[in-house]
file target.csv (CSV, C-alpha atoms)
chain,number,residue,atom,x,y,z
I,127,MET,CA,-157.1,-17.6,166.2
I,128,GLY,CA,-154.3,-19.9,166.7
I,129,ARG,CA,-152.7,-22.1,164.1
I,130,ALA,CA,-154.0,-25.3,165.7
I,131,ARG,CA,-157.5,-24.0,165.7
I,132,GLY,CA,-157.3,-23.1,162.0
I,133,ARG,CA,-156.0,-26.6,161.1
I,134,ALA,CA,-159.0,-28.1,163.0
I,135,LEU,CA,-161.4,-26.5,160.6
I,136,THR,CA,-160.3,-28.2,157.5
I,137,PRO,CA,-161.7,-31.6,156.3
I,138,THR,CA,-158.1,-32.8,155.8
I,139,ALA,CA,-157.2,-32.0,159.3
I,140,ARG,CA,-160.3,-33.6,160.8
I,141,LYS,CA,-159.7,-36.9,158.9
I,142,ALA,CA,-156.0,-37.0,159.8
I,143,PRO,CA,-154.8,-40.1,161.6
I,144,PRO,CA,-153.2,-39.9,165.1
I,145,GLU,CA,-149.7,-38.4,164.9
I,146,ASP,CA,-147.0,-40.8,163.9
I,147,SER,CA,-143.4,-39.8,164.5
I,148,SER,CA,-142.4,-41.7,161.4
I,149,ARG,CA,-144.6,-39.5,159.2
I,150,GLU,CA,-143.8,-36.1,160.8
I,151,ALA,CA,-141.7,-35.0,157.8
I,152,SER,CA,-144.3,-35.7,155.1
I,153,PRO,CA,-146.8,-32.8,155.6
I,154,ARG,CA,-144.1,-30.1,155.3
I,155,PRO,CA,-143.2,-30.7,151.6
I,156,LEU,CA,-146.9,-31.0,150.7
I,157,ARG,CA,-147.7,-27.6,152.4
I,158,THR,CA,-144.7,-26.0,150.8
I,159,HIS,CA,-145.8,-27.3,147.4
I,160,ARG,CA,-149.3,-25.9,147.9
I,161,LEU,CA,-148.0,-22.5,149.0
I,162,GLY,CA,-145.8,-22.5,145.9
I,163,THR,CA,-148.7,-23.4,143.7
I,164,SER,CA,-150.9,-20.7,145.2
I,165,SER,CA,-148.1,-18.1,144.8
I,166,ALA,CA,-147.6,-19.1,141.2
I,167,LEU,CA,-151.4,-18.7,140.5
I,168,VAL,CA,-151.4,-15.2,142.1
I,169,VAL,CA,-148.4,-14.1,140.0
I,170,ALA,CA,-150.0,-15.6,136.9
I,171,GLY,CA,-153.2,-13.7,137.7
I,172,LEU,CA,-151.5,-10.4,138.2
I,173,LEU,CA,-149.6,-10.8,134.9
I,174,LEU,CA,-152.9,-11.5,133.2
I,175,LEU,CA,-154.4,-8.4,134.8
I,176,VAL,CA,-151.5,-6.2,133.6
I,177,VAL,CA,-151.8,-7.6,130.1
I,178,SER,CA,-155.6,-7.1,130.2
I,179,VAL,CA,-155.2,-3.5,131.2
I,180,GLY,CA,-152.6,-2.9,128.5
I,181,VAL,CA,-154.7,-4.4,125.7
I,182,ALA,CA,-158.0,-2.7,127.0
I,183,ILE,CA,-156.3,0.7,126.7
I,184,THR,CA,-155.6,0.1,123.0
I,185,LEU,CA,-159.3,-0.5,122.2
I,186,GLY,CA,-161.4,2.5,121.1
I,187,PRO,CA,-161.9,4.9,118.2
I,188,ALA,CA,-158.5,6.5,118.6
I,189,ASP,CA,-155.6,4.6,117.0
I,190,ILE,CA,-153.5,3.6,120.0
I,191,LEU,CA,-151.0,0.8,119.7
I,192,GLY,CA,-149.5,-1.3,122.5
I,193,VAL,CA,-146.1,0.3,121.9
I,194,ASN,CA,-147.7,3.7,122.4
I,195,VAL,CA,-149.1,2.6,125.8
I,196,ARG,CA,-145.7,1.2,126.8
I,197,ASP,CA,-143.9,4.4,125.8
I,198,ILE,CA,-146.4,6.8,127.5
I,199,VAL,CA,-146.5,4.9,130.7
I,200,SER,CA,-142.7,4.6,130.9
I,201,ASN,CA,-142.4,8.3,130.1
I,202,HIS,CA,-144.7,9.3,133.0
I,203,LEU,CA,-142.9,6.9,135.3
I,204,GLY,CA,-139.6,8.7,134.5
I,205,LEU,CA,-138.0,5.7,132.9
I,206,THR,CA,-137.8,7.0,129.4
I,207,ASP,CA,-138.1,10.2,127.4
I,208,ILE,CA,-139.6,8.9,124.1
I,209,PRO,CA,-141.4,11.5,121.8
I,210,VAL,CA,-145.2,10.8,121.7
I,211,LYS,CA,-148.1,12.8,120.3
I,212,ALA,CA,-149.7,14.9,122.9
I,213,SER,CA,-153.2,13.7,121.9
I,214,LYS,CA,-152.2,10.0,122.4
I,215,ASP,CA,-150.6,10.9,125.7
I,216,ALA,CA,-153.7,12.6,126.9
I,217,ILE,CA,-156.0,9.7,125.8
I,218,VAL,CA,-153.8,7.0,127.5
I,219,TRP,CA,-152.7,8.8,130.6
I,220,GLU,CA,-155.6,11.0,131.4
I,221,GLU,CA,-158.5,8.9,130.3
I,222,ARG,CA,-158.1,5.2,129.5
I,223,LEU,CA,-155.4,4.1,132.1
I,224,PRO,CA,-157.2,5.6,135.1
I,225,ARG,CA,-160.5,4.2,133.8
I,226,ALA,CA,-159.0,0.7,133.5
I,227,LEU,CA,-157.6,0.9,137.0
I,228,VAL,CA,-160.9,2.0,138.5
I,229,ALA,CA,-162.6,-0.8,136.6
I,230,ALA,CA,-160.1,-3.3,138.1
I,231,ALA,CA,-160.6,-1.9,141.6
I,232,CYS,CA,-164.4,-2.2,141.2
I,233,GLY,CA,-164.2,-5.8,140.1
I,234,ALA,CA,-161.8,-6.7,142.9
I,235,GLY,CA,-163.7,-4.8,145.6
I,236,LEU,CA,-167.2,-6.0,144.7
I,237,GLY,CA,-166.0,-9.6,144.3
I,238,LEU,CA,-164.3,-9.3,147.7
I,239,CYS,CA,-167.6,-8.0,149.3
I,240,GLY,CA,-169.4,-11.0,147.7
I,241,VAL,CA,-167.0,-13.5,149.3
I,242,ILE,CA,-167.3,-11.9,152.7
I,243,MET,CA,-171.1,-11.7,152.7
I,244,GLN,CA,-171.6,-15.2,151.3
I,245,SER,CA,-169.3,-16.6,154.0
I,246,LEU,CA,-170.8,-14.6,156.9
I,247,LEU,CA,-174.4,-15.1,155.9
I,248,ARG,CA,-173.8,-18.7,154.6
I,249,ASN,CA,-175.8,-17.9,151.5
I,250,PRO,CA,-174.4,-18.2,148.0
I,251,LEU,CA,-176.9,-15.5,146.7
I,252,ALA,CA,-175.6,-12.8,149.0
I,253,ASP,CA,-173.8,-9.8,147.4
I,254,PRO,CA,-174.0,-6.0,148.0
I,255,PHE,CA,-176.3,-5.4,145.1
I,256,ILE,CA,-178.9,-8.0,145.9
I,257,LEU,CA,-178.9,-7.1,149.7
I,258,GLY,CA,-179.7,-3.5,148.9
I,259,ILE,CA,-176.3,-2.1,150.1
I,260,SER,CA,-175.5,-0.7,146.7
I,261,SER,CA,-179.0,0.9,146.5
I,262,GLY,CA,-178.6,2.4,149.9
I,263,ALA,CA,-175.2,3.8,148.9
I,264,SER,CA,-176.8,5.2,145.7
I,265,THR,CA,-179.5,7.0,147.7
I,266,GLY,CA,-176.9,8.5,150.1
I,267,ALA,CA,-174.8,9.7,147.2
I,268,VAL,CA,-177.8,11.2,145.4
I,269,ALA,CA,-179.0,12.9,148.5
I,270,ILE,CA,-175.6,14.6,148.9
I,271,GLY,CA,-175.3,15.4,145.2
I,272,ILE,CA,-178.8,16.7,144.5
I,273,LEU,CA,-180.1,17.8,147.9
I,274,GLY,CA,-176.7,18.9,149.3
I,275,LEU,CA,-177.4,17.3,152.7
I,276,GLY,CA,-174.2,17.6,154.6
I,277,GLY,CA,-172.2,17.6,151.4
I,278,ALA,CA,-169.6,20.1,152.7
I,279,THR,CA,-169.0,17.9,155.8
I,280,ILE,CA,-169.0,14.3,154.6
I,281,GLY,CA,-168.8,14.5,150.8
I,282,LEU,CA,-170.2,12.1,148.2
I,283,SER,CA,-168.4,9.1,149.5
I,284,GLY,CA,-169.4,9.8,153.1
I,285,GLY,CA,-173.0,10.1,152.0
I,286,ALA,CA,-172.8,6.8,150.2
I,287,PHE,CA,-171.2,5.1,153.2
I,288,VAL,CA,-174.0,6.3,155.5
I,289,GLY,CA,-176.6,5.1,153.0
I,290,ALA,CA,-174.9,1.7,152.8
I,291,LEU,CA,-174.9,1.3,156.6
I,292,VAL,CA,-178.5,2.3,156.9
I,293,ALA,CA,-179.5,-0.1,154.1
I,294,PHE,CA,-177.7,-3.0,155.7
I,295,GLY,CA,-179.1,-2.2,159.1
I,296,LEU,CA,-182.6,-2.2,157.6
I,297,VAL,CA,-181.9,-5.6,156.0
I,298,LEU,CA,-180.8,-7.2,159.3
I,299,LEU,CA,-183.8,-5.6,161.1
I,300,LEU,CA,-186.3,-7.0,158.6
I,301,ALA,CA,-184.7,-10.4,158.6
I,302,ARG,CA,-184.8,-10.5,162.4
I,303,LEU,CA,-188.4,-9.4,162.5
I,304,SER,CA,-189.3,-12.1,160.0
I,305,GLY,CA,-187.8,-14.8,162.2
I,306,GLY,CA,-184.2,-14.9,160.8
I,307,GLY,CA,-182.7,-17.4,158.5
I,308,ASN,CA,-180.4,-16.9,155.5
I,309,ASP,CA,-183.1,-17.0,152.9
I,310,ARG,CA,-185.1,-14.3,154.7
I,311,VAL,CA,-182.0,-12.1,154.7
I,312,VAL,CA,-182.0,-12.3,150.9
I,313,LEU,CA,-185.7,-11.5,150.8
I,314,ALA,CA,-185.2,-8.6,153.2
I,315,GLY,CA,-182.4,-7.4,150.9
I,316,VAL,CA,-184.7,-7.5,147.9
I,317,ALA,CA,-187.2,-5.4,149.8
I,318,SER,CA,-184.5,-3.0,150.8
I,319,THR,CA,-183.3,-2.7,147.3
I,320,GLN,CA,-186.7,-1.7,146.1
I,321,LEU,CA,-187.2,0.8,148.9
I,322,PHE,CA,-183.9,2.6,148.3
I,323,SER,CA,-184.4,2.5,144.6
I,324,ALA,CA,-187.8,4.2,145.0
I,325,LEU,CA,-186.3,6.8,147.4
I,326,THR,CA,-183.5,7.6,144.8
I,327,SER,CA,-186.1,7.9,142.0
I,328,LEU,CA,-188.2,10.2,144.3
I,329,ILE,CA,-185.3,12.5,145.0
I,330,ILE,CA,-184.4,12.7,141.3
I,331,PHE,CA,-188.0,13.2,140.2
I,332,ALA,CA,-188.8,15.9,142.8
I,333,PHE,CA,-185.5,17.9,142.9
I,334,ALA,CA,-183.3,17.3,139.9
I,335,ASP,CA,-183.5,19.3,136.6
I,336,SER,CA,-183.4,17.6,133.2
I,337,ASP,CA,-179.6,17.7,132.9
I,338,GLU,CA,-179.1,16.4,136.4
I,339,THR,CA,-181.7,13.6,135.8
I,340,ARG,CA,-180.0,12.4,132.7
I,341,GLY,CA,-176.5,12.3,134.3
I,342,VAL,CA,-177.7,10.7,137.5
I,343,MET,CA,-179.7,8.0,135.8
I,344,PHE,CA,-176.7,7.1,133.6
I,345,TRP,CA,-174.5,7.0,136.7
I,346,LEU,CA,-177.0,4.8,138.5
I,347,LEU,CA,-176.6,2.1,135.8
I,348,GLY,CA,-172.9,1.9,136.6
I,349,SER,CA,-170.6,4.2,134.6
I,350,LEU,CA,-166.9,4.8,134.5
I,351,GLU,CA,-167.2,7.9,132.3
I,352,GLY,CA,-165.0,10.8,133.4
I,353,VAL,CA,-163.1,9.0,136.1
I,354,ARG,CA,-159.6,10.4,136.8
I,355,TRP,CA,-156.5,9.6,138.8
I,356,ASP,CA,-157.9,10.7,142.1
I,357,ASP,CA,-160.7,8.3,141.7
I,358,ALA,CA,-158.2,5.5,140.8
I,359,ALA,CA,-156.1,6.3,143.9
I,360,LEU,CA,-159.2,6.4,146.2
I,361,SER,CA,-160.7,3.1,144.9
I,362,ALA,CA,-157.4,1.2,144.8
I,363,SER,CA,-156.4,2.3,148.3
I,364,VAL,CA,-159.7,1.4,149.8
I,365,VAL,CA,-159.9,-2.0,148.1
I,366,ALA,CA,-156.3,-2.8,148.9
I,367,ALA,CA,-156.8,-2.0,152.6
I,368,GLY,CA,-160.0,-4.0,152.7
I,369,SER,CA,-158.3,-7.0,151.0
I,370,LEU,CA,-155.5,-7.0,153.6
I,371,LEU,CA,-158.0,-6.8,156.5
I,372,CYS,CA,-160.1,-9.7,155.0
I,373,LEU,CA,-157.0,-11.8,154.5
I,374,ARG,CA,-156.1,-11.3,158.1
I,375,TYR,CA,-159.5,-12.9,158.9
I,376,ALA,CA,-159.2,-15.7,156.4
I,377,ARG,CA,-159.1,-18.5,158.9
I,378,THR,CA,-161.9,-16.9,160.9
I,379,LEU,CA,-164.0,-16.9,157.7
I,380,ASP,CA,-163.3,-20.6,157.3
I,381,ALA,CA,-164.8,-21.1,160.7
I,382,PHE,CA,-167.9,-19.1,159.8
I,383,THR,CA,-168.6,-21.6,157.0
I,384,PHE,CA,-169.4,-24.2,159.7
I,385,GLY,CA,-171.8,-21.8,161.5
I,386,ASP,CA,-171.8,-19.3,164.3
I,387,ASP,CA,-171.9,-21.9,167.0
I,388,VAL,CA,-168.7,-23.6,165.7
I,389,ALA,CA,-167.0,-20.3,165.3
I,390,ALA,CA,-167.9,-19.3,168.9
I,391,SER,CA,-166.7,-22.7,170.2
I,392,LEU,CA,-163.3,-22.0,168.7
I,393,GLY,CA,-163.0,-18.8,170.7
I,394,ILE,CA,-164.1,-16.3,168.0
I,395,HIS,CA,-166.0,-13.3,169.1
I,396,VAL,CA,-168.8,-13.8,166.5
I,397,ALA,CA,-170.7,-10.5,166.9
I,398,ARG,CA,-167.5,-8.3,166.9
I,399,THR,CA,-165.9,-10.1,163.9
I,400,ARG,CA,-169.2,-10.0,162.0
I,401,ALA,CA,-169.5,-6.2,162.6
I,402,VAL,CA,-165.9,-5.5,161.6
I,403,LEU,CA,-166.2,-7.4,158.3
I,404,LEU,CA,-169.7,-6.1,157.4
I,405,VAL,CA,-168.7,-2.5,158.0
I,406,THR,CA,-165.6,-3.1,155.8
I,407,THR,CA,-167.8,-4.4,153.0
I,408,ALA,CA,-170.1,-1.4,153.4
I,409,LEU,CA,-167.1,1.0,153.2
I,410,ILE,CA,-165.8,-0.7,150.1
I,411,THR,CA,-169.2,-0.8,148.4
I,412,ALA,CA,-169.9,2.9,149.3
I,413,THR,CA,-166.6,4.1,148.0
I,414,LEU,CA,-167.0,2.2,144.7
I,415,VAL,CA,-170.7,3.3,144.3
I,416,SER,CA,-169.8,7.0,144.8
I,417,ILE,CA,-167.2,6.7,142.0
I,418,ALA,CA,-168.8,4.3,139.5
I,419,GLY,CA,-172.5,3.9,140.5
I,420,ALA,CA,-174.3,0.7,141.4
I,421,ILE,CA,-172.7,-2.1,139.4
I,422,GLY,CA,-174.6,-5.3,140.0
I,423,PHE,CA,-173.9,-9.0,140.1
I,424,VAL,CA,-170.1,-8.8,140.3
I,425,GLY,CA,-170.2,-9.8,144.0
I,426,LEU,CA,-172.6,-12.6,143.2
I,427,VAL,CA,-170.9,-14.2,140.2
I,428,LEU,CA,-167.2,-13.8,140.8
I,429,PRO,CA,-166.8,-15.6,144.1
I,430,HIS,CA,-168.4,-18.8,142.6
I,431,ALA,CA,-166.0,-18.6,139.6
I,432,ALA,CA,-163.0,-18.2,141.9
I,433,ARG,CA,-164.1,-21.2,144.0
I,434,LEU,CA,-163.8,-23.3,140.9
I,435,VAL,CA,-160.1,-22.2,140.6
I,436,ALA,CA,-158.9,-21.8,144.2
I,437,GLY,CA,-161.3,-23.9,146.3
I,438,ALA,CA,-163.1,-22.8,149.4
I,439,ARG,CA,-160.2,-21.8,151.7
I,440,HIS,CA,-160.4,-18.1,152.2
I,441,SER,CA,-156.6,-17.7,152.2
I,442,ARG,CA,-156.7,-18.6,148.5
I,443,LEU,CA,-160.3,-17.6,147.7
I,444,ILE,CA,-159.9,-13.9,148.6
I,445,PRO,CA,-156.9,-13.1,146.4
I,446,ALA,CA,-158.3,-15.3,143.6
I,447,THR,CA,-161.7,-13.5,143.6
I,448,ALA,CA,-160.0,-10.1,143.7
I,449,ILE,CA,-157.8,-10.9,140.7
I,450,ILE,CA,-160.5,-12.6,138.6
I,451,GLY,CA,-162.9,-9.8,139.5
I,452,ALA,CA,-160.4,-7.2,138.3
I,453,VAL,CA,-159.7,-8.9,135.0
I,454,PHE,CA,-163.5,-9.5,134.5
I,455,MET,CA,-164.4,-5.8,135.0
I,456,VAL,CA,-161.5,-4.5,132.8
I,457,TRP,CA,-162.8,-6.5,129.9
I,458,VAL,CA,-166.5,-5.7,130.6
I,459,ASP,CA,-165.7,-2.0,130.7
I,460,ALA,CA,-163.6,-2.3,127.5
I,461,GLY,CA,-166.6,-4.0,125.7
I,462,ALA,CA,-169.1,-1.5,127.0
I,463,ARG,CA,-166.8,1.3,125.8
I,464,VAL,CA,-166.4,0.1,122.2
I,465,ALA,CA,-169.7,-1.9,121.6
I,466,PHE,CA,-171.7,1.2,120.6
I,467,SER,CA,-168.9,3.6,120.1
I,468,PRO,CA,-168.9,6.6,120.2
I,469,THR,CA,-171.9,6.3,122.6
I,470,PRO,CA,-170.7,4.5,125.8
I,471,LEU,CA,-172.8,1.7,127.3
I,472,PRO,CA,-173.2,1.8,131.1
I,473,VAL,CA,-170.9,-0.9,132.5
I,474,GLY,CA,-173.6,-2.1,134.9
I,475,VAL,CA,-175.6,-3.2,131.8
I,476,GLY,CA,-172.7,-5.5,130.8
I,477,THR,CA,-172.3,-7.0,134.2
I,478,ALA,CA,-176.1,-7.6,134.5
I,479,LEU,CA,-176.2,-9.4,131.1
I,480,VAL,CA,-173.6,-11.9,132.6
I,481,GLY,CA,-174.8,-11.9,136.2
I,482,VAL,CA,-178.6,-12.5,135.7
I,483,PRO,CA,-178.2,-15.9,133.9
I,484,VAL,CA,-175.7,-17.1,136.5
I,485,PHE,CA,-178.1,-15.9,139.3
I,486,ILE,CA,-180.9,-17.9,137.7
I,487,ALA,CA,-178.7,-21.0,137.4
I,488,LEU,CA,-177.8,-20.7,141.2
I,489,LEU,CA,-181.5,-20.5,142.1
I,490,ALA,CA,-182.2,-23.6,140.0
I,491,ARG,CA,-179.3,-25.4,141.6
I,492,ARG,CA,-180.6,-24.5,145.1
I,493,ARG,CA,-184.0,-25.8,144.2
I,494,ARG,CA,-182.7,-29.1,143.0
I,495,ARG,CA,-180.8,-29.5,146.3
I,496,ALA,CA,-183.8,-28.7,148.4
call {"tool": "encode", "arguments": {"input": "target.csv", "output": "structure tokens"}}
result
Amino acid sequence: MGRARGRALTPTARKAPPEDSSREASPRPLRTHRLGTSSALVVAGLLLLVVSVGVAITLGPADILGVNVRDIVSNHLGLTDIPVKASKDAIVWEERLPRALVAAACGAGLGLCGVIMQSLLRNPLADPFILGISSGASTGAVAIGILGLGGATIGLSGGAFVGALVAFGLVLLLARLSGGGNDRVVLAGVASTQLFSALTSLIIFAFADSDETRGVMFWLLGSLEGVRWDDAALSASVVAAGSLLCLRYARTLDAFTFGDDVAASLGIHVARTRAVLLVTTALITATLVSIAGAIGFVGLVLPHAARLVAGARHSRLIPATAIIGAVFMVWVDAGARVAFSPTPLPVGVGTALVGVPVFIALLARRRRRA
């Protein structure tokens, strides 16, 4: 979409007076100032994320100081050769650092999925968990893990991706059969969530032994126990690629907030764009679910928090949501890890304790507006 079309979408652009040659120079400093402010906020957010990861690694039963984290990380990066206890090195480098990075990727990715779904569906209650995509991905992953259906071919992540696509297809079909409408998409998502949760429970009840049942049930609540560097690399690469793709469609997402008809009138191929972005969210959700289980309400809550900071423009909202989501999940995981130490609390329980009250507040706000 051209630059002129993107400008036409914004309230500021629509209210602008006819062009006056005497004022041509004034918008450029203002735009430069806004870009500078946005860049400063992104840099400040990334610094806050780095500090959060560093502090979160020091929390836990083992006595790890911030200076230990600095020395261990710099040693593994080849910058220093400082003597460090092997036990502390293993705790930081093999356990807590990859876990914090996976938590950050989950927060950023699920928040990003929430932004895309809420924009495309024009519904502030849309997120992968409520629309049943997380449940579908869980069913696909459990079918691969317990039943072994095609596990050698597509793997756990591939099974989760297929399950996520099937779940989202079912949601769209149910919404269409019920007459369409954004509210009915959410109701169809709730029905899909219940259906795939029941299928997952049926597979576990019928085919898993007691040890498998205990492990799968803990994972389904959202767990980062046992994640390693390959999980961190996979989740970070998928979320980074998805974020770049969504940033490329930022102006298009601005158009979707005015409705499909307005987007189509601006020359946007609505069906193709919607398919690309929804498949992207399904891929991100499936990858994260296959690693950390179904973590709920992150995609619902974080986009609304980011809008308070960055506004509604997707060029600023997408990076703001990703950074805020990453910081949020790092601290929720740290709290879940130490709250009942040495017994870990599923991280999905922590996100639900925050997300459910916000979800209720959003429902009440929509009711007052109706």
call {"tool": "atom_distance", "arguments": {"input": "target.csv", "atom1": "atom CA of I:Arg398", "atom2": "atom CA of I:Thr383"}}
result
16.6 Å
call {"tool": "residues_around", "arguments": {"input": "target.csv", "residues": "I:Ile242", "least_positions_apart": "2", "cutoff": "8 Å", "atoms": "all atoms listed in the file", "output": "VMD selection string"}}
result
chain I and resid 238 to 240 244 to 246 372 379 403 to 404 407
call {"tool": "residues_around", "arguments": {"input": "target.csv", "residues": "I:Gly481", "least_positions_apart": "4", "cutoff": "12 Å", "atoms": "only C-alpha atoms", "output": "PDB file with C-alpha atoms, in the frame of the given file"}}
result
ATOM      1  CA  LEU I 251    -176.900 -15.500 146.700  1.00  0.00           C
ATOM      2  CA  ASP I 253    -173.800  -9.800 147.400  1.00  0.00           C
ATOM      3  CA  PHE I 255    -176.300  -5.400 145.100  1.00  0.00           C
ATOM      4  CA  ILE I 256    -178.900  -8.000 145.900  1.00  0.00           C
ATOM      5  CA  ILE I 421    -172.700  -2.100 139.400  1.00  0.00           C
ATOM      6  CA  GLY I 422    -174.600  -5.300 140.000  1.00  0.00           C
ATOM      7  CA  PHE I 423    -173.900  -9.000 140.100  1.00  0.00           C
ATOM      8  CA  VAL I 424    -170.100  -8.800 140.300  1.00  0.00           C
ATOM      9  CA  GLY I 425    -170.200  -9.800 144.000  1.00  0.00           C
ATOM     10  CA  LEU I 426    -172.600 -12.600 143.200  1.00  0.00           C
ATOM     11  CA  VAL I 427    -170.900 -14.200 140.200  1.00  0.00           C
ATOM     12  CA  LEU I 428    -167.200 -13.800 140.800  1.00  0.00           C
ATOM     13  CA  PRO I 429    -166.800 -15.600 144.100  1.00  0.00           C
ATOM     14  CA  HIS I 430    -168.400 -18.800 142.600  1.00  0.00           C
ATOM     15  CA  ALA I 431    -166.000 -18.600 139.600  1.00  0.00           C
ATOM     16  CA  PHE I 454    -163.500  -9.500 134.500  1.00  0.00           C
ATOM     17  CA  VAL I 458    -166.500  -5.700 130.600  1.00  0.00           C
ATOM     18  CA  GLY I 474    -173.600  -2.100 134.900  1.00  0.00           C
ATOM     19  CA  VAL I 475    -175.600  -3.200 131.800  1.00  0.00           C
ATOM     20  CA  GLY I 476    -172.700  -5.500 130.800  1.00  0.00           C
ATOM     21  CA  THR I 477    -172.300  -7.000 134.200  1.00  0.00           C
ATOM     22  CA  PHE I 485    -178.100 -15.900 139.300  1.00  0.00           C
ATOM     23  CA  ILE I 486    -180.900 -17.900 137.700  1.00  0.00           C
ATOM     24  CA  ALA I 487    -178.700 -21.000 137.400  1.00  0.00           C
ATOM     25  CA  LEU I 488    -177.800 -20.700 141.200  1.00  0.00           C
TER      26      LEU I 488
END
call {"tool": "atom_distance", "arguments": {"input": "target.csv", "atom1": "atom CA of I:Gly180", "atom2": "atom CA of I:Leu347"}}
result
25.6 Å
call {"tool": "closest_atom_pairs", "arguments": {"input": "target.csv", "of": "stretch 414-470 of chain I", "to": "stretch 287-297 of chain I", "cutoff": "10 Å", "atoms": "only C-alpha atoms", "output": "CSV"}}
result
residue,atom,partner,partner_atom,distance
I:Leu414,CA,I:Phe287,CA,9.9
I:Val415,CA,I:Phe287,CA,9.1
I:Ser416,CA,I:Phe287,CA,8.7
call {"tool": "closest_residue", "arguments": {"input": "target.csv", "among": "I:Gly385, I:Gly233, I:Val195, I:Gly266", "to": "I:Ile450", "atoms": "only C-alpha atoms"}}
result
I:Gly233
call {"tool": "closest_residue", "arguments": {"input": "target.csv", "among": "I:Gly348, I:Val241, I:Leu409, I:Gly341", "to": "I:Gly451", "atoms": "only C-alpha atoms"}}
result
I:Val241
call {"tool": "atom_distance", "arguments": {"input": "target.csv", "atom1": "atom CA of I:Lys211", "atom2": "atom CA of I:Val181"}}
result
19.2 Å
call {"tool": "residues_around", "arguments": {"input": "target.csv", "residues": "I:Leu223", "least_positions_apart": "4", "cutoff": "8 Å", "atoms": "all atoms listed in the file", "output": "CSV table (one decimal) with C-alpha atoms, keeping the file's coordinate frame"}}
result
chain,number,residue,atom,x,y,z
I,179,VAL,CA,-155.2,-3.5,131.2
I,183,ILE,CA,-156.3,0.7,126.7
I,218,VAL,CA,-153.8,7.0,127.5
I,219,TRP,CA,-152.7,8.8,130.6
I,227,LEU,CA,-157.6,0.9,137.0
call {"tool": "closest_residue", "arguments": {"input": "target.csv", "among": "I:Glu351, I:Ala314, I:Gly171, I:Ala432", "to": "I:Arg302", "atoms": "only C-alpha atoms"}}
result
I:Ala314
call {"tool": "closest_residue", "arguments": {"input": "target.csv", "among": "I:Val176, I:Val353, I:Leu257, I:Ile208", "to": "I:Gly419", "atoms": "only C-alpha atoms"}}
result
I:Val353
call {"tool": "closest_residue", "arguments": {"input": "target.csv", "among": "I:Leu275, I:Ala389, I:Ala465, I:Ala418", "to": "I:Leu360", "atoms": "all atoms listed in the file"}}
result
I:Ala418
call {"tool": "closest_residue", "arguments": {"input": "target.csv", "among": "I:Ala269, I:Leu167, I:Pro254, I:Ala182", "to": "I:Val405", "atoms": "all atoms listed in the file"}}
result
I:Pro254
call {"tool": "residues_around", "arguments": {"input": "target.csv", "residues": "I:Ser283", "least_positions_apart": "5", "cutoff": "8 Å", "atoms": "all atoms listed in the file", "output": "JSON, numbers by chain"}}
result
{"I": [267, 412, 413, 416, 417]}
call {"tool": "residues_near_point", "arguments": {"input": "target.csv", "point": "(-167.3, -19.9, 167.2)", "cutoff": "12 Å", "atoms": "all atoms listed in the file", "output": "MDAnalysis selection string"}}
result
chainID I and resid 127 131:132 135 377:400
